[in-house]
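Structure data (PDB, C-alpha atoms) from structure.pdb:
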```pdb
ATOM      1  CA  MET A   1     -59.434-132.660  55.525
ATOM      2  CA  ASN A   2     -58.467-131.358  52.115
ATOM      3  CA  ILE A   3     -60.513-129.754  49.411
ATOM      4  CA  SER A   4     -60.651-131.957  46.344
ATOM      5  CA  VAL A   5     -63.593-130.664  44.362
ATOM      6  CA  GLN A   6     -61.758-131.050  41.062
ATOM      7  CA  SER A   7     -61.089-134.750  41.487
ATOM      8  CA  ARG A   8     -64.634-135.376  42.664
ATOM      9  CA  ARG A   9     -65.970-133.557  39.615
ATOM     10  CA  ARG A  10     -63.789-135.560  37.229
ATOM     11  CA  LEU A  11     -65.072-138.770  38.775
ATOM     12  CA  PHE A  12     -68.699-137.845  38.267
ATOM     13  CA  VAL A  13     -68.226-136.324  34.839
ATOM     14  CA  ASN A  14     -67.108-139.733  33.641
ATOM     15  CA  ALA A  15     -70.324-141.377  34.795
ATOM     16  CA  GLY A  16     -72.788-142.691  32.233
ATOM     17  CA  THR A  17     -75.453-140.159  31.342
ATOM     18  CA  ALA A  18     -77.553-141.476  28.448
ATOM     19  CA  GLY A  19     -81.256-140.775  28.355
ATOM     20  CA  LEU A  20     -81.485-137.803  30.699
ATOM     21  CA  SER A  21     -82.286-134.171  30.073
ATOM     22  CA  ALA A  22     -79.398-131.776  29.670
ATOM     23  CA  THR A  23     -79.860-130.484  33.156
ATOM     24  CA  ALA A  24     -80.180-133.914  34.681
ATOM     25  CA  ILE A  25     -76.977-134.919  32.923
ATOM     26  CA  ALA A  26     -75.202-131.941  34.377
ATOM     27  CA  LEU A  27     -76.547-132.621  37.820
ATOM     28  CA  LEU A  28     -75.574-136.238  37.593
ATOM     29  CA  ALA A  29     -72.123-135.176  36.527
ATOM     30  CA  GLY A  30     -71.869-132.985  39.568
ATOM     31  CA  CYS A  31     -73.507-135.102  42.224
ATOM     32  CA  GLU A  32     -75.002-138.492  41.566
ATOM     33  CA  SER A  33     -77.328-138.555  44.541
ATOM     34  CA  MET A  34     -78.546-135.059  43.842
ATOM     35  CA  ALA A  35     -79.599-136.041  40.337
ATOM     36  CA  GLN A  36     -82.004-138.719  41.503
ATOM     37  CA  GLY A  37     -85.570-137.710  40.849
ATOM     38  CA  THR A  38     -84.810-134.948  38.387
ATOM     39  CA  MET A  39     -86.991-134.766  35.316
ATOM     40  CA  ALA A  40     -85.751-137.181  32.684
ATOM     41  CA  GLY A  41     -86.527-137.666  29.018
ATOM     42  CA  GLY A  42     -85.786-134.224  27.678
ATOM     43  CA  ALA A  43     -87.669-131.899  29.964
ATOM     44  CA  ALA A  44     -87.800-128.531  28.266
ATOM     45  CA  MET A  45     -86.331-125.442  29.833
ATOM     46  CA  LYS A  46     -88.815-122.619  30.135
ATOM     47  CA  ALA A  47     -86.494-119.670  29.792
ATOM     48  CA  SER A  48     -83.083-118.094  29.955
ATOM     49  CA  PRO A  49     -80.283-120.529  30.720
ATOM     50  CA  ALA A  50     -78.001-117.489  31.029
ATOM     51  CA  SER A  51     -80.120-116.181  33.860
ATOM     52  CA  ASP A  52     -80.054-119.583  35.533
ATOM     53  CA  VAL A  53     -76.271-119.705  35.157
ATOM     54  CA  ALA A  54     -75.949-116.349  36.907
ATOM     55  CA  THR A  55     -78.052-117.618  39.786
ATOM     56  CA  LEU A  56     -76.110-120.860  39.987
ATOM     57  CA  ASN A  57     -72.848-118.939  40.117
ATOM     58  CA  VAL A  58     -74.082-116.955  43.093
ATOM     59  CA  ALA A  59     -74.957-120.276  44.739
ATOM     60  CA  LEU A  60     -71.503-121.607  43.902
ATOM     61  CA  GLY A  61     -69.966-118.595  45.623
ATOM     62  CA  LEU A  62     -71.977-119.440  48.727
ATOM     63  CA  GLU A  63     -70.787-123.030  48.637
ATOM     64  CA  TYR A  64     -67.132-122.041  48.278
ATOM     65  CA  GLU A  65     -67.488-119.752  51.252
ATOM     66  CA  ALA A  66     -69.118-122.516  53.306
ATOM     67  CA  ILE A  67     -66.377-124.991  52.388
ATOM     68  CA  THR A  68     -63.755-122.524  53.528
ATOM     69  CA  ALA A  69     -65.650-121.583  56.672
ATOM     70  CA  TYR A  70     -65.668-125.206  57.794
ATOM     71  CA  GLN A  71     -62.005-125.497  56.828
ATOM     72  CA  LEU A  72     -61.198-122.498  59.002
ATOM     73  CA  GLY A  73     -63.222-123.959  61.846
ATOM     74  CA  ALA A  74     -61.522-127.323  61.552
ATOM     75  CA  GLU A  75     -58.074-125.748  61.536
ATOM     76  CA  SER A  76     -58.857-123.416  64.418
ATOM     77  CA  GLY A  77     -58.223-126.014  67.100
ATOM     78  CA  LEU A  78     -61.410-124.822  68.771
ATOM     79  CA  LEU A  79     -63.633-127.780  67.850
ATOM     80  CA  SER A  80     -63.939-130.768  70.155
ATOM     81  CA  GLN A  81     -63.313-134.304  68.977
ATOM     82  CA  GLN A  82     -67.067-134.849  68.958
ATOM     83  CA  VAL A  83     -67.850-131.777  66.879
ATOM     84  CA  LEU A  84     -64.968-131.907  64.399
ATOM     85  CA  PRO A  85     -66.189-134.970  62.439
ATOM     86  CA  VAL A  86     -69.608-133.389  62.050
ATOM     87  CA  ALA A  87     -68.045-130.194  60.734
ATOM     88  CA  VAL A  88     -65.992-132.230  58.281
ATOM     89  CA  MET A  89     -69.115-134.062  57.134
ATOM     90  CA  PHE A  90     -70.956-130.804  56.576
ATOM     91  CA  GLN A  91     -67.962-129.496  54.631
ATOM     92  CA  THR A  92     -68.118-132.622  52.468
ATOM     93  CA  HIS A  93     -71.770-131.888  51.732
ATOM     94  CA  HIS A  94     -70.800-128.400  50.597
ATOM     95  CA  LYS A  95     -68.045-129.811  48.394
ATOM     96  CA  GLU A  96     -70.616-132.061  46.759
ATOM     97  CA  HIS A  97     -72.944-129.091  46.290
ATOM     98  CA  ALA A  98     -70.117-127.110  44.706
ATOM     99  CA  ALA A  99     -69.161-129.953  42.380
ATOM    100  CA  ALA A 100     -72.754-130.301  41.227
ATOM    101  CA  LEU A 101     -73.093-126.574  40.646
ATOM    102  CA  GLU A 102     -69.795-126.334  38.766
ATOM    103  CA  ALA A 103     -70.772-129.156  36.450
ATOM    104  CA  THR A 104     -74.236-127.763  35.864
ATOM    105  CA  ILE A 105     -72.951-124.279  35.079
ATOM    106  CA  ALA A 106     -70.461-125.717  32.605
ATOM    107  CA  LYS A 107     -73.133-127.895  31.006
ATOM    108  CA  LEU A 108     -75.334-124.855  30.525
ATOM    109  CA  GLY A 109     -72.493-123.102  28.725
ATOM    110  CA  GLY A 110     -71.425-120.886  31.610
ATOM    111  CA  LYS A 111     -68.144-120.409  33.389
ATOM    112  CA  PRO A 112     -68.103-121.326  37.065
ATOM    113  CA  VAL A 113     -66.820-118.583  39.337
ATOM    114  CA  ALA A 114     -63.455-119.286  40.940
ATOM    115  CA  MET A 115     -62.909-119.972  44.594
ATOM    116  CA  LYS A 116     -61.162-117.066  46.304
ATOM    117  CA  PRO A 117     -58.011-117.437  48.388
ATOM    118  CA  LYS A 118     -58.726-118.734  51.875
ATOM    119  CA  GLY A 119     -57.455-115.537  53.420
ATOM    120  CA  ASP A 120     -60.109-113.509  51.642
ATOM    121  CA  TYR A 121     -62.882-115.625  53.141
ATOM    122  CA  ALA A 122     -61.219-115.566  56.553
ATOM    123  CA  ALA A 123     -61.064-111.781  56.547
ATOM    124  CA  ALA A 124     -64.605-111.327  55.269
ATOM    125  CA  LEU A 125     -66.016-113.750  57.836
ATOM    126  CA  GLY A 126     -64.024-112.323  60.718
ATOM    127  CA  ALA A 127     -62.279-115.628  61.403
ATOM    128  CA  ALA A 128     -59.712-113.930  63.621
ATOM    129  CA  SER A 129     -62.458-113.090  66.093
ATOM    130  CA  LEU A 130     -63.436-116.741  66.627
ATOM    131  CA  LYS A 131     -62.264-117.618  70.126
ATOM    132  CA  SER A 132     -64.343-120.633  71.103
ATOM    133  CA  GLN A 133     -66.205-123.602  69.690
ATOM    134  CA  ALA A 134     -69.445-121.722  70.235
ATOM    135  CA  ASP A 135     -68.138-118.837  68.119
ATOM    136  CA  VAL A 136     -67.366-121.227  65.277
ATOM    137  CA  LEU A 137     -70.726-122.954  65.527
ATOM    138  CA  MET A 138     -72.612-119.661  65.677
ATOM    139  CA  LEU A 139     -70.912-118.430  62.531
ATOM    140  CA  ALA A 140     -71.642-121.725  60.798
ATOM    141  CA  ALA A 141     -75.264-121.608  61.918
ATOM    142  CA  ARG A 142     -75.677-118.049  60.591
ATOM    143  CA  LEU A 143     -74.210-119.054  57.249
ATOM    144  CA  GLU A 144     -76.315-122.202  56.998
ATOM    145  CA  ARG A 145     -79.550-120.417  57.872
ATOM    146  CA  GLY A 146     -78.752-117.704  55.375
ATOM    147  CA  ALA A 147     -77.926-120.239  52.695
ATOM    148  CA  ALA A 148     -81.163-122.143  53.294
ATOM    149  CA  ASN A 149     -83.125-118.924  52.919
ATOM    150  CA  ALA A 150     -81.111-117.908  49.876
ATOM    151  CA  TYR A 151     -81.794-121.175  48.071
ATOM    152  CA  LEU A 152     -85.480-121.034  48.930
ATOM    153  CA  GLY A 153     -85.591-117.421  47.813
ATOM    154  CA  VAL A 154     -84.238-118.076  44.339
ATOM    155  CA  ILE A 155     -86.449-121.067  43.533
ATOM    156  CA  PRO A 156     -89.097-118.954  41.754
ATOM    157  CA  SER A 157     -86.449-117.367  39.558
ATOM    158  CA  PHE A 158     -85.248-120.484  37.794
ATOM    159  CA  GLY A 159     -86.446-121.031  34.251
ATOM    160  CA  ASP A 160     -85.671-124.730  34.506
ATOM    161  CA  PRO A 161     -87.846-126.614  37.006
ATOM    162  CA  ASP A 162     -85.093-129.196  37.472
ATOM    163  CA  LEU A 163     -82.866-126.458  38.836
ATOM    164  CA  ALA A 164     -85.628-125.162  41.066
ATOM    165  CA  LYS A 165     -85.955-128.631  42.534
ATOM    166  CA  VAL A 166     -82.225-128.875  43.122
ATOM    167  CA  ALA A 167     -82.297-125.508  44.872
ATOM    168  CA  GLY A 168     -84.953-126.948  47.155
ATOM    169  CA  ARG A 169     -82.787-129.948  47.886
ATOM    170  CA  LEU A 170     -79.792-127.751  48.613
ATOM    171  CA  ALA A 171     -81.957-125.701  50.966
ATOM    172  CA  ALA A 172     -82.956-128.893  52.751
ATOM    173  CA  ASP A 173     -79.302-129.806  53.303
ATOM    174  CA  GLU A 174     -78.536-126.339  54.665
ATOM    175  CA  THR A 175     -81.550-126.528  56.952
ATOM    176  CA  MET A 176     -80.375-129.889  58.241
ATOM    177  CA  HIS A 177     -76.971-128.358  58.980
ATOM    178  CA  TRP A 178     -78.545-125.372  60.717
ATOM    179  CA  THR A 179     -80.737-127.611  62.847
ATOM    180  CA  ALA A 180     -77.780-129.675  64.034
ATOM    181  CA  LEU A 181     -75.675-126.598  64.720
ATOM    182  CA  SER A 182     -78.356-124.738  66.628
ATOM    183  CA  SER A 183     -79.064-127.881  68.636
ATOM    184  CA  ALA A 184     -75.377-128.164  69.528
ATOM    185  CA  LEU A 185     -75.518-124.532  70.640
ATOM    186  CA  GLY A 186     -78.551-125.232  72.804
ATOM    187  CA  GLN A 187     -80.691-122.814  70.843
ATOM    188  CA  ALA A 188     -84.445-123.199  70.779
ATOM    189  CA  LEU A 189     -86.115-124.357  67.622
ATOM    190  CA  PRO A 190     -88.403-121.859  65.876
ATOM    191  CA  ALA A 191     -91.697-121.644  67.724
ATOM    192  CA  LYS A 192     -93.668-120.948  64.543
ATOM    193  CA  ALA A 193     -93.958-122.937  61.376
ATOM    194  CA  LEU A 194     -92.720-121.653  58.018
ATOM    195  CA  SER A 195     -89.755-119.911  59.588
ATOM    196  CA  PHE A 196     -87.581-120.428  56.513
ATOM    197  CA  GLY A 197     -87.843-118.918  53.094
ATOM    198  CA  ALA A 198     -90.424-116.216  53.686
TER
ATOM    199  CA  MET B   1    -121.590-104.498  45.187
ATOM    200  CA  ARG B   2    -120.799-100.806  45.103
ATOM    201  CA  LEU B   3    -121.205-100.637  48.865
ATOM    202  CA  THR B   4    -118.816-103.555  49.301
ATOM    203  CA  VAL B   5    -116.162-101.877  47.180
ATOM    204  CA  LEU B   6    -116.618 -98.618  49.053
ATOM    205  CA  SER B   7    -116.396-100.385  52.400
ATOM    206  CA  ALA B   8    -113.216-102.106  51.348
ATOM    207  CA  ALA B   9    -111.711 -98.811  50.235
ATOM    208  CA  LEU B  10    -112.631 -97.142  53.503
ATOM    209  CA  LEU B  11    -111.213-100.033  55.478
ATOM    210  CA  ALA B  12    -107.952 -99.908  53.545
ATOM    211  CA  ALA B  13    -107.708 -96.178  54.114
ATOM    212  CA  ALA B  14    -108.285 -96.629  57.815
ATOM    213  CA  LEU B  15    -105.496 -99.180  58.236
ATOM    214  CA  PRO B  16    -102.285 -97.667  59.493
ATOM    215  CA  ALA B  17     -99.335 -97.742  57.132
ATOM    216  CA  HIS B  18     -96.569-100.101  58.160
ATOM    217  CA  ALA B  19     -94.118 -98.299  60.391
ATOM    218  CA  ALA B  20     -90.682 -99.491  59.360
ATOM    219  CA  ASP B  21     -88.881-101.247  62.198
ATOM    220  CA  ALA B  22     -85.087-101.393  61.969
ATOM    221  CA  VAL B  23     -84.858-103.811  64.902
ATOM    222  CA  ARG B  24     -87.055-106.342  63.147
ATOM    223  CA  GLY B  25     -85.225-105.451  59.966
ATOM    224  CA  GLU B  26     -81.936-106.514  61.526
ATOM    225  CA  GLU B  27     -83.383-109.930  62.363
ATOM    226  CA  LEU B  28     -84.661-110.291  58.833
ATOM    227  CA  TRP B  29     -81.344-109.135  57.385
ATOM    228  CA  GLN B  30     -79.474-111.689  59.492
ATOM    229  CA  SER B  31     -81.666-114.549  58.315
ATOM    230  CA  ARG B  32     -82.118-113.567  54.682
ATOM    231  CA  CYS B  33     -79.264-111.305  53.597
ATOM    232  CA  PHE B  34     -76.300-112.538  55.637
ATOM    233  CA  ALA B  35     -75.815-115.550  53.390
ATOM    234  CA  CYS B  36     -74.289-113.226  50.810
ATOM    235  CA  HIS B  37     -73.737-109.876  52.522
ATOM    236  CA  SER B  38     -71.906-108.469  55.512
ATOM    237  CA  LEU B  39     -72.097-104.920  56.724
ATOM    238  CA  ASP B  40     -68.404-104.191  56.367
ATOM    239  CA  ALA B  41     -66.944-106.873  54.088
ATOM    240  CA  ASP B  42     -67.488-107.817  50.474
ATOM    241  CA  ARG B  43     -68.479-111.465  50.137
ATOM    242  CA  VAL B  44     -70.726-113.023  47.507
ATOM    243  CA  GLY B  45     -72.425-109.648  47.535
ATOM    244  CA  PRO B  46     -71.008-106.218  48.336
ATOM    245  CA  ARG B  47     -70.890-104.665  51.807
ATOM    246  CA  HIS B  48     -74.109-103.109  53.012
ATOM    247  CA  ARG B  49     -73.015-100.402  55.416
ATOM    248  CA  GLY B  50     -73.333 -97.116  53.589
ATOM    249  CA  VAL B  51     -75.577 -98.517  50.880
ATOM    250  CA  PHE B  52     -78.021 -95.639  51.313
ATOM    251  CA  ASP B  53     -77.224 -92.836  48.856
ATOM    252  CA  ARG B  54     -74.550 -95.034  47.289
ATOM    253  CA  ARG B  55     -74.519 -95.351  43.533
ATOM    254  CA  ALA B  56     -75.273 -98.931  42.484
ATOM    255  CA  GLY B  57     -72.224-100.894  41.431
ATOM    256  CA  SER B  58     -69.753 -98.528  43.047
ATOM    257  CA  VAL B  59     -68.052-100.418  45.892
ATOM    258  CA  PRO B  60     -64.384-100.401  44.872
ATOM    259  CA  GLY B  61     -62.999-103.805  43.974
ATOM    260  CA  PHE B  62     -66.292-105.668  43.981
ATOM    261  CA  ALA B  63     -67.002-107.672  40.819
ATOM    262  CA  TYR B  64     -70.425-106.397  39.821
ATOM    263  CA  SER B  65     -72.337-107.555  36.800
ATOM    264  CA  PRO B  66     -71.993-105.117  33.897
ATOM    265  CA  ALA B  67     -75.735-104.562  34.163
ATOM    266  CA  LEU B  68     -75.583-103.280  37.728
ATOM    267  CA  ALA B  69     -72.337-101.404  37.243
ATOM    268  CA  THR B  70     -73.951 -99.324  34.526
ATOM    269  CA  ALA B  71     -77.473 -99.144  35.928
ATOM    270  CA  GLY B  72     -77.222 -95.507  36.976
ATOM    271  CA  ILE B  73     -79.225 -96.120  40.129
ATOM    272  CA  THR B  74     -78.684 -94.534  43.515
ATOM    273  CA  TRP B  75     -79.920 -96.605  46.423
ATOM    274  CA  ASP B  76     -82.679 -95.073  48.510
ATOM    275  CA  THR B  77     -85.931 -96.272  50.025
ATOM    276  CA  GLU B  78     -87.687 -96.338  46.681
ATOM    277  CA  THR B  79     -84.958 -98.019  44.621
ATOM    278  CA  LEU B  80     -84.126-100.530  47.354
ATOM    279  CA  GLY B  81     -87.814-101.381  47.603
ATOM    280  CA  ARG B  82     -88.006-102.072  43.893
ATOM    281  CA  TRP B  83     -84.717-103.988  44.035
ATOM    282  CA  LEU B  84     -85.803-106.281  46.855
ATOM    283  CA  THR B  85     -89.168-106.843  45.196
ATOM    284  CA  ASP B  86     -87.493-108.242  42.077
ATOM    285  CA  PRO B  87     -83.848-107.383  41.341
ATOM    286  CA  ARG B  88     -83.944-108.576  37.757
ATOM    287  CA  SER B  89     -87.022-106.552  37.012
ATOM    288  CA  LEU B  90     -85.220-103.397  38.116
ATOM    289  CA  VAL B  91     -81.863-104.323  36.587
ATOM    290  CA  PRO B  92     -82.091-107.057  33.957
ATOM    291  CA  GLY B  93     -78.869-109.015  33.885
ATOM    292  CA  THR B  94     -77.912-108.503  37.507
ATOM    293  CA  LYS B  95     -76.541-111.497  39.410
ATOM    294  CA  MET B  96     -78.933-111.143  42.336
ATOM    295  CA  THR B  97     -82.171-113.069  42.141
ATOM    296  CA  PHE B  98     -83.245-113.178  45.765
ATOM    297  CA  ARG B  99     -86.544-111.441  46.426
ATOM    298  CA  VAL B 100     -88.269-110.245  49.564
ATOM    299  CA  ALA B 101     -91.932-110.738  48.795
ATOM    300  CA  ASP B 102     -93.569-109.148  51.823
ATOM    301  CA  PRO B 103     -93.759-105.321  51.707
ATOM    302  CA  ALA B 104     -93.475-105.012  55.494
ATOM    303  CA  ASP B 105     -90.368-107.200  55.502
ATOM    304  CA  ARG B 106     -88.846-105.083  52.746
ATOM    305  CA  ALA B 107     -89.608-101.889  54.629
ATOM    306  CA  ASP B 108     -88.007-103.204  57.809
ATOM    307  CA  ILE B 109     -84.877-104.445  56.053
ATOM    308  CA  ILE B 110     -84.540-101.125  54.252
ATOM    309  CA  ASP B 111     -84.973 -99.263  57.532
ATOM    310  CA  TYR B 112     -82.185-101.367  59.030
ATOM    311  CA  LEU B 113     -79.931-100.600  56.070
ATOM    312  CA  ARG B 114     -80.788 -96.917  56.399
ATOM    313  CA  ARG B 115     -79.888 -96.998  60.088
ATOM    314  CA  GLU B 116     -76.617 -98.798  59.456
ATOM    315  CA  SER B 117     -75.793 -96.284  56.750
ATOM    316  CA  GLY B 118     -76.144 -93.446  59.241
ATOM    317  CA  ARG B 119     -79.065 -91.919  57.390
TER
END
```
Would you mind giving the structure from this file in C-alpha cells?
Amino acid sequence: MNISVQSRRRLFVNAGTAGLSATAIALLAGCESMAQGTMAGGAAMKASPASDVATLNVALGLEYEAITAYQLGAESGLLSQQVLPVAVMFQTHHKEHAAALEATIAKLGGKPVAMKPKGDYAAALGAASLKSQADVLMLAARLERGAANAYLGVIPSFGDPDLAKVAGRLAADETMHWTALSSALGQALPAKALSFGA
Amino acid sequence: MRLTVLSAALLAAALPAHAADAVRGEELWQSRCFACHSLDADRVGPRHRGVFDRRAGSVPGFAYSPALATAGITWDTETLGRWLTDPRSLVPGTKMTFRVADPADRADIIDYLRRESGR
C-alpha cells in the first residue's frame, strides 16, 4: 500500500476535457467518476474562486490526514486480514478525493497545500496510543464522521454549485466509511434521522 | 394583529434562555469539530484547549491565514459565537468556512471549549 497521488493525478490530467465547465474539467482531471453529473456547458461561478480555493485546501488537508491515518493503521499490525483490505480501499478513496481536490485547486489558480510528514500526523492523531484493532477503527470512525460533517457544513459556502455538489459527494463517501467502521465496531446506528450535517 | 404580536412577545420572554451544556457540547465538538481540531494538537486547525482568552491566530507554529493572524480578536463567548455563526463574516479571508447554525449548539460547543480551557 503506497501513496501515489501524483501519478494518479498525472493520469487524469491527461484525460480529454473538451466541452465542460472549468470546474468540471478540473474535477474530471482529479477524479473521473467524481466529475460525472457536474454541470457542463460553461456553468457560471457565482462568486469568489479564491474563497472556494481556501475551502478546498482545508478539505485537502483533511484528505491527506485520512490517507495517512489509514496508512498508520495498515502498518500497525493491529488490523485483521479481513479488515485490512477494507482499510486499504477506504485509503484509496481518500487518495482519489485528494487527487480531485489538488487538480481543482490548481485549475482555479490556487496552490494545493502540501502533505505533512507522516510523523506529524501520527503525533497529532496519537497513533502511539493505538493498541488494538478497535482503537484503530474508532479513530478512523471519528475522523470519517467529522469529515462527513465538515463537508456538509461547508456546502453553503461555495460560490460554485459544482463544488457544492462535489462536497456533498465527498460527504457521502465519508458517511459510507463511517457506517462500515461503526458496524465493524458493533456500534448502534443513529436512532434519529438527520444525524449528520446539522 | 396587535394582540398576536404582543402574545408572541410575551411568550418569547417567558421561554427560558438556553442553558449552555458542556457535556452535550463535547458530543457536538466530537462530531463536528474533531475533523479538523484536537484539544492538544495542531492539525488542519489549531489546538482548542486554552482557546478561551487566547488571541486569535496566536498558537505558535500554526499556519494561520494572514486575515486571522492580524484580526486582533480575543476568543470569548461573544467572539466564538460570532465565529461559529459565520467565520468569514467575522474575519473575511480566513480559511475556516464551517458554520454551526443552531444557537443552542453553538452555546454548548462554546461551553465545552470554555470548560476545557479551564475558564
query = What residues in chain B have any atom no more than 10 Å from chain A when counting only C-alpha atoms, and can you write them as a ChimeraX atom specification?
reply = /B:28-45,47,65,86,88,92-102,105
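Taking CA of Asp173 (chain A) and CA of Glu63 (chain A) as the two end points, the separation is 11.8 Å.
Residues within 12 Å of Val51 (chain B), counting only C-alpha atoms and excluding same-chain residues fewer than 6 positions away, are His37, Ser38, Leu39, Asp40, Gly57, Ser58, Val59, Ile73, Thr74, Trp75, Asp76, Thr77, Thr79, Leu80, Ile110, Asp111, Tyr112, Leu113, Arg114, Arg115, Glu116, Ser117, Gly118 and Arg119 of chain B.
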query = In Å, how far is it from CA of Ser89 (chain B) to CA of Tyr64 (chain B)?
reply = 16.8 Å
request  = Quick one: pull the distance between CA of Val136 (chain A) and CA of Met176 (chain A), Å, one decimal.
outcome  = 17.1 Å
request  = Step by step, work through what the PyMOL selection byres ((chain A and resi 107-114) around 7) selects in the shown file, and finish by giving those residues as a ChimeraX atom specification.
outcome  = /A:26,49,53,57,102-106,115-116
key: Selection: 8 Å around region 179-186 of chain A, all atoms listed in the file, excl. self and same-chain fewer than 6 positions, as an MDAnalysis selection string   = chainID A and resid 134 137:138 140:141
Atom completion result for region 86-102 of chain A (N, CA, C and O atoms) as an mmCIF file, in the frame of the given file:
```cif
data_model
loop_
_atom_site.group_PDB
_atom_site.id
_atom_site.type_symbol
_atom_site.label_atom_id
_atom_site.label_comp_id
_atom_site.auth_asym_id
_atom_site.auth_seq_id
_atom_site.Cartn_x
_atom_site.Cartn_y
_atom_site.Cartn_z
ATOM 1 N N VAL A 86 -68.353 -133.897 62.603
ATOM 2 C CA VAL A 86 -69.608 -133.389 62.050
ATOM 3 C C VAL A 86 -69.323 -132.198 61.131
ATOM 4 O O VAL A 86 -69.899 -132.081 60.041
ATOM 5 N N ALA A 87 -68.412 -131.335 61.575
ATOM 6 C CA ALA A 87 -68.045 -130.194 60.734
ATOM 7 C C ALA A 87 -67.431 -130.664 59.415
ATOM 8 O O ALA A 87 -67.726 -130.115 58.350
ATOM 9 N N VAL A 88 -66.609 -131.690 59.505
ATOM 10 C CA VAL A 88 -65.992 -132.230 58.281
ATOM 11 C C VAL A 88 -67.061 -132.825 57.362
ATOM 12 O O VAL A 88 -67.022 -132.648 56.132
ATOM 13 N N MET A 89 -68.039 -133.494 57.953
ATOM 14 C CA MET A 89 -69.115 -134.062 57.134
ATOM 15 C C MET A 89 -69.911 -132.953 56.441
ATOM 16 O O MET A 89 -70.234 -133.053 55.250
ATOM 17 N N PHE A 90 -70.215 -131.901 57.187
ATOM 18 C CA PHE A 90 -70.956 -130.804 56.576
ATOM 19 C C PHE A 90 -70.119 -130.166 55.457
ATOM 20 O O PHE A 90 -70.648 -129.779 54.416
ATOM 21 N N GLN A 91 -68.809 -130.050 55.686
ATOM 22 C CA GLN A 91 -67.962 -129.496 54.631
ATOM 23 C C GLN A 91 -68.023 -130.378 53.384
ATOM 24 O O GLN A 91 -68.065 -129.881 52.254
ATOM 25 N N THR A 92 -68.029 -131.688 53.596
ATOM 26 C CA THR A 92 -68.118 -132.622 52.468
ATOM 27 C C THR A 92 -69.421 -132.409 51.693
ATOM 28 O O THR A 92 -69.433 -132.428 50.460
ATOM 29 N N HIS A 93 -70.509 -132.187 52.424
ATOM 30 C CA HIS A 93 -71.770 -131.888 51.732
ATOM 31 C C HIS A 93 -71.602 -130.658 50.839
ATOM 32 O O HIS A 93 -72.071 -130.638 49.694
ATOM 33 N N HIS A 94 -70.954 -129.635 51.385
ATOM 34 C CA HIS A 94 -70.800 -128.400 50.597
ATOM 35 C C HIS A 94 -69.886 -128.619 49.394
ATOM 36 O O HIS A 94 -70.088 -128.019 48.337
ATOM 37 N N LYS A 95 -68.888 -129.486 49.553
ATOM 38 C CA LYS A 95 -68.045 -129.811 48.394
ATOM 39 C C LYS A 95 -68.878 -130.499 47.309
ATOM 40 O O LYS A 95 -68.710 -130.234 46.114
ATOM 41 N N GLU A 96 -69.764 -131.375 47.744
ATOM 42 C CA GLU A 96 -70.616 -132.061 46.759
ATOM 43 C C GLU A 96 -71.576 -131.071 46.093
ATOM 44 O O GLU A 96 -71.827 -131.147 44.886
ATOM 45 N N HIS A 97 -72.103 -130.140 46.884
ATOM 46 C CA HIS A 97 -72.944 -129.091 46.290
ATOM 47 C C HIS A 97 -72.158 -128.315 45.234
ATOM 48 O O HIS A 97 -72.648 -128.053 44.132
ATOM 49 N N ALA A 98 -70.935 -127.927 45.616
ATOM 50 C CA ALA A 98 -70.117 -127.110 44.706
ATOM 51 C C ALA A 98 -69.802 -127.875 43.431
ATOM 52 O O ALA A 98 -69.873 -127.312 42.325
ATOM 53 N N ALA A 99 -69.475 -129.154 43.574
ATOM 54 C CA ALA A 99 -69.161 -129.953 42.380
ATOM 55 C C ALA A 99 -70.360 -130.043 41.455
ATOM 56 O O ALA A 99 -70.235 -129.937 40.225
ATOM 57 N N ALA A 100 -71.539 -130.220 42.043
ATOM 58 C CA ALA A 100 -72.754 -130.301 41.227
ATOM 59 C C ALA A 100 -73.020 -128.980 40.518
ATOM 60 O O ALA A 100 -73.384 -128.941 39.334
ATOM 61 N N LEU A 101 -72.845 -127.887 41.242
ATOM 62 C CA LEU A 101 -73.093 -126.574 40.646
ATOM 63 C C LEU A 101 -72.088 -126.268 39.543
ATOM 64 O O LEU A 101 -72.459 -125.756 38.483
ATOM 65 N N GLU A 102 -70.820 -126.578 39.790
ATOM 66 C CA GLU A 102 -69.795 -126.334 38.766
ATOM 67 C C GLU A 102 -70.129 -127.080 37.478
ATOM 68 O O GLU A 102 -70.062 -126.519 36.378
#
```
